[in-house]
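Read through the structure below, which is laid out as structure tokens, and then see the notes.
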Amino acid sequence: MRWAAYCHCESCRRAGSTPFVALFGVPDEGLTWSGPVATYASSDDVERGHCETCGTPLFYRNHSRWPDETHIPAVTLDDPSAYAPKAHIYYNERLPWIEMRDGLPKYHGTGDDGTRPLDDNEAHG
């Protein structure tokens, strides 16, 4: 696992039908699926995958930005309690009724894009 975070971007919220998504990034190398997967282009350069049988969202890929990485929702793990988020990303896009004062750094981007982390007080003014 390369990273683990809560994503608050509108695209992830809509794709997951949820107010935010717990995601983690893994290398593409060696990643396989055991069941039928359907994919679609949700926007330019973005591919999303879901279970062809039940519709569960399985992954997000943007190979122009992260060429060898797949982002996976933590709730798809056999044991999601093993997941531990390390940050919030796109926190500036969160829904107005979300206020998470959990001590995790909050980025207005992804953190790897040069955005600086905000602490709880900075993020909530």
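By convention in this document, the chains of the structure tokens carry letters A, B, ... by their order, each chain's residues are numbered from 1, and ligands are numbered from 1 in the order they are shown.
Once A:Glu29 and its same-chain neighbours fewer than 3 positions away are set aside, A:Val26, A:Thr32, A:Asp68, A:Glu69 remain within 9 Å of it when counting only C-alpha atoms.
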Non-local contacts of A:Tyr40 (7 Å; only C-alpha atoms; under 3 positions in same chain excluded) as a CSV table (one decimal) with N, CA and C atoms, in the first residue's frame:
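Result went into around_29.csv, see below:
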chain,number,residue,atom,x,y,z
A,47,GLU,N,-10.4,6.0,-15.5
A,47,GLU,CA,-11.1,4.8,-15.7
A,47,GLU,C,-11.5,4.3,-14.3
A,48,ARG,N,-12.8,3.9,-14.2
A,48,ARG,CA,-13.3,3.4,-13.0
A,48,ARG,C,-13.8,1.9,-13.2
A,49,GLY,N,-13.7,1.1,-12.2
A,49,GLY,CA,-14.1,-0.3,-12.4
A,49,GLY,C,-15.1,-0.7,-11.3
Test item, strand (DSSP E or B) assignment across stretch 16-124 of chain A, answer as an MDAnalysis selection string: chainID A and resid 21:27 37:43 46:51 57:61 69:73 87:89 106 118
File dump, residues just selected, N, CA and C atoms, as a compact mmCIF listing (two decimals), in the first residue's frame:
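Wrote it out as part-v7.txt, contents follow:
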# COMPACT_ATOMS: atom_id res chain seq x y z
N VAL A 21 -14.87 9.03 0.47
CA VAL A 21 -14.46 7.65 0.20
C VAL A 21 -13.12 7.38 0.86
N ALA A 22 -13.02 6.27 1.55
CA ALA A 22 -11.75 5.81 2.11
C ALA A 22 -11.05 5.00 1.03
N LEU A 23 -9.90 5.50 0.58
CA LEU A 23 -9.16 4.88 -0.53
C LEU A 23 -7.73 4.56 -0.12
N PHE A 24 -7.12 3.66 -0.88
CA PHE A 24 -5.69 3.45 -0.75
C PHE A 24 -5.13 3.19 -2.14
N GLY A 25 -3.85 3.49 -2.32
CA GLY A 25 -3.19 3.31 -3.60
C GLY A 25 -2.25 2.13 -3.57
N VAL A 26 -2.29 1.34 -4.64
CA VAL A 26 -1.40 0.18 -4.77
C VAL A 26 -0.75 0.19 -6.15
N PRO A 27 0.43 -0.42 -6.28
CA PRO A 27 1.04 -0.54 -7.61
C PRO A 27 0.19 -1.43 -8.51
N VAL A 37 -15.18 -7.90 -13.93
CA VAL A 37 -15.03 -6.46 -13.71
C VAL A 37 -15.44 -5.71 -14.97
N ALA A 38 -16.27 -4.70 -14.80
CA ALA A 38 -16.64 -3.81 -15.90
C ALA A 38 -15.97 -2.46 -15.65
N THR A 39 -15.55 -1.78 -16.71
CA THR A 39 -14.91 -0.48 -16.57
C THR A 39 -15.63 0.55 -17.42
N TYR A 40 -15.43 1.82 -17.05
CA TYR A 40 -15.96 2.92 -17.84
C TYR A 40 -15.07 4.13 -17.63
N ALA A 41 -15.06 5.04 -18.59
CA ALA A 41 -14.32 6.29 -18.49
C ALA A 41 -15.23 7.31 -17.82
N SER A 42 -14.90 7.68 -16.58
CA SER A 42 -15.76 8.63 -15.86
C SER A 42 -15.42 10.07 -16.21
N SER A 43 -14.23 10.31 -16.75
CA SER A 43 -13.81 11.62 -17.26
C SER A 43 -12.54 11.40 -18.07
N VAL A 46 -9.56 9.09 -16.92
CA VAL A 46 -9.97 8.37 -15.71
C VAL A 46 -10.78 7.14 -16.08
N GLU A 47 -10.37 6.01 -15.50
CA GLU A 47 -11.09 4.75 -15.67
C GLU A 47 -11.54 4.30 -14.28
N ARG A 48 -12.79 3.92 -14.19
CA ARG A 48 -13.34 3.36 -12.95
C ARG A 48 -13.81 1.95 -13.24
N GLY A 49 -13.66 1.09 -12.24
CA GLY A 49 -14.09 -0.30 -12.40
C GLY A 49 -15.07 -0.68 -11.31
N HIS A 50 -15.96 -1.57 -11.65
CA HIS A 50 -16.94 -2.07 -10.68
C HIS A 50 -17.22 -3.54 -10.97
N CYS A 51 -17.74 -4.23 -9.96
CA CYS A 51 -18.11 -5.62 -10.11
C CYS A 51 -19.26 -5.71 -11.11
N PRO A 57 -18.30 -0.56 -6.49
CA PRO A 57 -17.13 0.14 -7.03
C PRO A 57 -15.84 -0.55 -6.58
N LEU A 58 -14.92 -0.83 -7.53
CA LEU A 58 -13.69 -1.55 -7.21
C LEU A 58 -12.42 -0.73 -7.33
N PHE A 59 -12.37 0.20 -8.29
CA PHE A 59 -11.13 0.95 -8.43
C PHE A 59 -11.30 2.23 -9.23
N TYR A 60 -10.28 3.07 -9.09
CA TYR A 60 -10.12 4.32 -9.83
C TYR A 60 -8.70 4.31 -10.40
N ARG A 61 -8.57 4.69 -11.67
CA ARG A 61 -7.25 4.81 -12.29
C ARG A 61 -7.17 6.10 -13.10
N GLU A 69 -0.38 3.08 -10.88
CA GLU A 69 -1.07 2.97 -9.59
C GLU A 69 -2.59 2.85 -9.77
N THR A 70 -3.22 2.06 -8.90
CA THR A 70 -4.67 1.92 -8.85
C THR A 70 -5.14 2.30 -7.46
N HIS A 71 -6.25 3.01 -7.39
CA HIS A 71 -6.83 3.43 -6.12
C HIS A 71 -8.05 2.57 -5.83
N ILE A 72 -8.09 2.01 -4.65
CA ILE A 72 -9.11 1.02 -4.29
C ILE A 72 -9.87 1.48 -3.05
N PRO A 73 -11.21 1.40 -3.06
CA PRO A 73 -11.99 1.73 -1.86
C PRO A 73 -11.71 0.72 -0.75
N ALA A 87 -4.58 10.63 5.97
CA ALA A 87 -4.85 12.03 5.61
C ALA A 87 -6.24 12.16 5.00
N HIS A 88 -6.64 13.40 4.78
CA HIS A 88 -7.82 13.74 3.99
C HIS A 88 -7.32 14.45 2.74
N ILE A 89 -7.82 14.06 1.57
CA ILE A 89 -7.44 14.74 0.33
C ILE A 89 -8.67 15.41 -0.27
N LYS A 106 -5.05 17.61 6.42
CA LYS A 106 -6.09 17.85 5.44
C LYS A 106 -5.49 18.66 4.28
N LEU A 118 -3.09 21.02 6.11
CA LEU A 118 -3.70 21.89 7.10
C LEU A 118 -4.02 21.05 8.33
Need the shell around A:Lys86: protein/DNA/RNA residues with any atom at most 8 Å away, counting only C-alpha atoms. Skip same-chain ones fewer than 2 positions apart. Format as a tab-separated table (two decimals) with N, CA, C and O atoms, in the first residue's frame?
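Listing of out-v8.tsv after writing:
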chain	number	residue	atom	x	y	z
A	3	TRP	N	-0.27	4.56	-0.06
A	3	TRP	CA	-0.88	5.62	0.74
A	3	TRP	C	-2.31	5.22	1.10
A	3	TRP	O	-2.88	4.31	0.48
A	4	ALA	N	-2.88	5.89	2.07
A	4	ALA	CA	-4.27	5.65	2.48
A	4	ALA	C	-4.87	6.97	2.94
A	4	ALA	O	-4.27	7.67	3.74
A	5	ALA	N	-6.04	7.32	2.40
A	5	ALA	CA	-6.64	8.61	2.73
A	5	ALA	C	-8.15	8.59	2.53
A	5	ALA	O	-8.69	7.72	1.84
A	84	ALA	N	-6.08	1.94	7.63
A	84	ALA	CA	-5.91	3.09	8.52
A	84	ALA	C	-5.57	4.32	7.67
A	84	ALA	O	-4.47	4.42	7.14
A	88	HIS	N	-6.64	13.40	4.78
A	88	HIS	CA	-7.82	13.74	3.99
A	88	HIS	C	-7.32	14.45	2.74
A	88	HIS	O	-6.45	15.33	2.83
A	104	LEU	N	-5.89	14.17	11.55
A	104	LEU	CA	-5.19	13.83	10.31
A	104	LEU	C	-4.96	15.09	9.48
A	104	LEU	O	-5.79	16.00	9.50
A	105	PRO	N	-3.85	15.15	8.74
A	105	PRO	CA	-3.63	16.30	7.86
A	105	PRO	C	-4.71	16.37	6.78
A	105	PRO	O	-5.20	15.34	6.32
Near-A:Arg13 list (12 Å; only C-alpha atoms; drop same-chain fewer than 4 positions) as a list in words: Tyr6, Cys7, His8, Cys9, Ser17, Thr18, Pro19, Phe20, Val21, Ala22, Leu23, Pro57, Pro73, Tyr90, Tyr91, Glu93, Arg94 and Leu95 of chain A
Chain A: residues DSSP assigns to alpha helix (DSSP H), reported as a ChimeraX atom specification: /A:10-16,120-123
Nearest candidate to A:Arg2 (options A:Ser34, A:Ala15, A:Pro85, A:His63; using only C-alpha atoms): A:Pro85
Two-atom distance - atom CA of A:Gly16, atom CA of A:Trp66 (Å):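 Separation of atom CA of A:Gly16 and atom CA of A:Trp66: 20.3 Å.
Of the listed residues A:Asn62, A:Thr76, A:Thr53, A:Ser11, the one whose atoms come nearest to A:Asp28 is A:Asn62, with distances taken using only C-alpha atoms.
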Å distance separating atom CA of A:Ala82 from atom CA of A:Gly109, one decimal place: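 Answer for the atom CA of A:Ala82 to atom CA of A:Gly109 separation: 25.0 Å.
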